[in-house]
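Peer 1: Pasting a structure below so you can have a look.
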Amino acid sequence: MKKAWLEKWKYPSILLFGIGLSNVGGWIYFIALNLIVYNMTQSALAVSVLYLIRPLSTLASNLWAGSLIDRTNKRSLMVVLDVVRAALIVLLPLFSSIWYIYAVVFLIQMASSVFGPASGTYITLLIPPDQRPRFNSLNALIGSGAFLIGPAIAGLLFLIGSPVMAIYINAAAMFVSGLITLLMPNLERDAVLAEEGSPKLEWSMIKADWGTVFRFYRTQIFITAVCLLFGSIMMVMASAIDSLEVAFALTVLGLSESSYGLLVSISGVGIIAGAVVNTVVAGKVPIGRLVGFGVLGVSAGYLLYATSSAYGAAAVGFFVLAFFLAFANAGFATFYQNNVPVDMMGRFGSMNGFIEAIGIMITTVALGLWAEWGSIQAAVIAGVIAMTVLSIALGLLLLYKVIIVQKVSGSGISVQPGAAYTTIETRRESGLGKTNHVE
């Protein structure tokens, strides 16, 4: 029994270790890079530009990245991207020009934009459906731990060394992560960029792939709506609101920098608590409920934080939103893996990322201008209200689907397992591959 369990979780455990190492290194890199840029320029604006580079790099890469991901060996691609990112990170401190740093960070973020959908597809191929809820809950727990451990390690490194030293350590962690990926099974030994001919991306191929994704959007409206609504809540609105977090805490709440640091620590405790509870309930609670209650909980926490006028209320809001974050992310990861065809995950995820990047830039600029020319609190509250409306819409969508399927089941019509995530109409072949509908 024990031997079977160890065999079943051997590779998922190795993968989780690599993910954890990469997450911790990512936090070290993030904090160190912010300090390096600020020390070079003494400008908060220069640091804020780093936050715009990510969506810009996504716009530059995601229109073609999906075509690459779906036609290559995912494990090999992940290894190459880890090594490339490690090499680019090593180059970061070598020159003192801020534009040089922006250019290198842009390339790193482009590689990360490709790595995300590639690793997500590989995880779906590796982890069988019955293990996915547990794996995703453990992944959320590891990400939560990295949220606390990464900054703590970065602080220690700054005490004994410098931000540059922290950058080099992250490069080493990224390289080791690539080596760990080599230990994983090669699930696509015969995968090449193209079925026939030379391995290169062509405009006609990319354009045809866009058409494939848009056909999926049209034929699988429910799946698409859930994915885009979740992205709008957790990526677009959350990123825009978070961009005003420091200004809100210091200006509206009147907190000191140390008090704000404690507020962030409280959110870290919330993330850990939510992730621990999520690992206990993983596989026992329907995916739709995890996603629905998760996003509603996150929105409630943001709403409490945005309308607070005292430290205590803001702290409770931070804890609540962080607590429910693990449920939302783990539930959605399982939903995505079970419902998006694995042979087009790269294209679907990349297109969604492209749409989200546009949304992030528009909403971040809009709320930033509102905060600059009007009221910071009004801008944050407006963003949170929009997030709450989207969360309610997603919750009602999931609930409506479950109710409809229950009615269909009660009428004697045969319903497939997990059909809460299928369309009510007769399934039509769309040439996109079968979706893997598992609740």
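Going by the structure tokens order, chains are called A, B, ..., each with residues numbered from 1, while ligands are numbered from 1 in the order shown.
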Contacts of A:Ile392 at 12 Å or less, counting only C-alpha atoms, minus same-chain residues fewer than 6 places along, as a PyMOL selection string?
Peer 2: chain A and resi 226+229-230+233+291-300+385-386+398-400
Peer 1: Could you name the residues that touch A:Ala357 at 9 Å or less, counting only C-alpha atoms, but leaving out those on the same chain fewer than 4 positions away, as a ChimeraX atom specification?
Peer 2: /A:54-59,235-236,352-353,361-362
Peer 1: Counting only C-alpha atoms, what is within 6 Å of A:Leu141, bar same-chain residues fewer than 3 positions away, as JSON, numbers by chain?
Peer 2: {"A": [138, 144, 275]}
Peer 1: Residues as selected, C-alpha atoms, written as a compact mmCIF listing (two decimals), in the first residue's frame, can you do that?
Peer 2:
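Writing done, so here's result10.txt:
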# COMPACT_ATOMS: atom_id res chain seq x y z
CA LEU A 138 -0.48 21.25 -2.20
CA SER A 144 1.73 30.33 0.19
CA ALA A 275 -3.97 26.68 1.98
Peer 1: Identify, on the basis of only C-alpha atoms, every residue whose closest approach to A:Arg85 does not exceed 9 Å; exclude the query and any residue fewer than 6 positions from it along the same chain; express the result as a list in words.
Peer 2: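 My reading of the contact set: Leu107, Ile108, Gln109, Ala111, Ser112, Ala171, Met174 and Phe175 of chain A.
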Peer 1: From the list A:Ile167, A:Ala225, A:Val24, A:Val37, which residue is nearest A:Leu91 when using only C-alpha atoms?
Peer 2: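 Closest to A:Leu91, using only C-alpha atoms: A:Ile167.
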Peer 1: Near A:Gly231, counting only C-alpha atoms, which residues have an atom at most 12 Å away, once you skip same-chain residues fewer than 6 positions from it, shown as a PyMOL selection string?
Peer 2: chain A and resi 224-225+237-239+291+295+328-329+332-333+336+349+351-360+387+390-391+394
Peer 1: Skip stretch 303-305 of chain A itself and residues of its chain fewer than 6 positions away, then list as a PyMOL selection string all residues within 10 Å of it, counting only C-alpha atoms.
Peer 2: chain A and resi 248-249+297+311-321+380-385+387-388
Peer 1: Which residue gives the smallest distance to A:Ala282 among A:Phe327, A:Tyr260, A:Phe95, A:Phe106, with only C-alpha atoms counted?
Peer 2: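 Counting only C-alpha atoms, the residue closest to A:Ala282 is A:Phe327.
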Peer 1: Just how far from atom CA of A:Asp242 is atom CA of A:Glu372, in Å to one decimal?
Peer 2: 15.2 Å
Peer 1: Quick one, how far is atom CA of A:Ala379 from atom CA of A:Val49?
Peer 2: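 Atom CA of A:Val49 lies 20.1 Å from atom CA of A:Ala379.
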Peer 1: Can you pull out the residues contacting A:Leu92? Cut-off 9 Å, using only C-alpha atoms, and skip same-chain residues under 5 positions away; I want them as a list in words.
Peer 2: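 Selected residues are Leu33, Tyr100, Ile101, Val104, Val105, Val164 and Ile167 of chain A.
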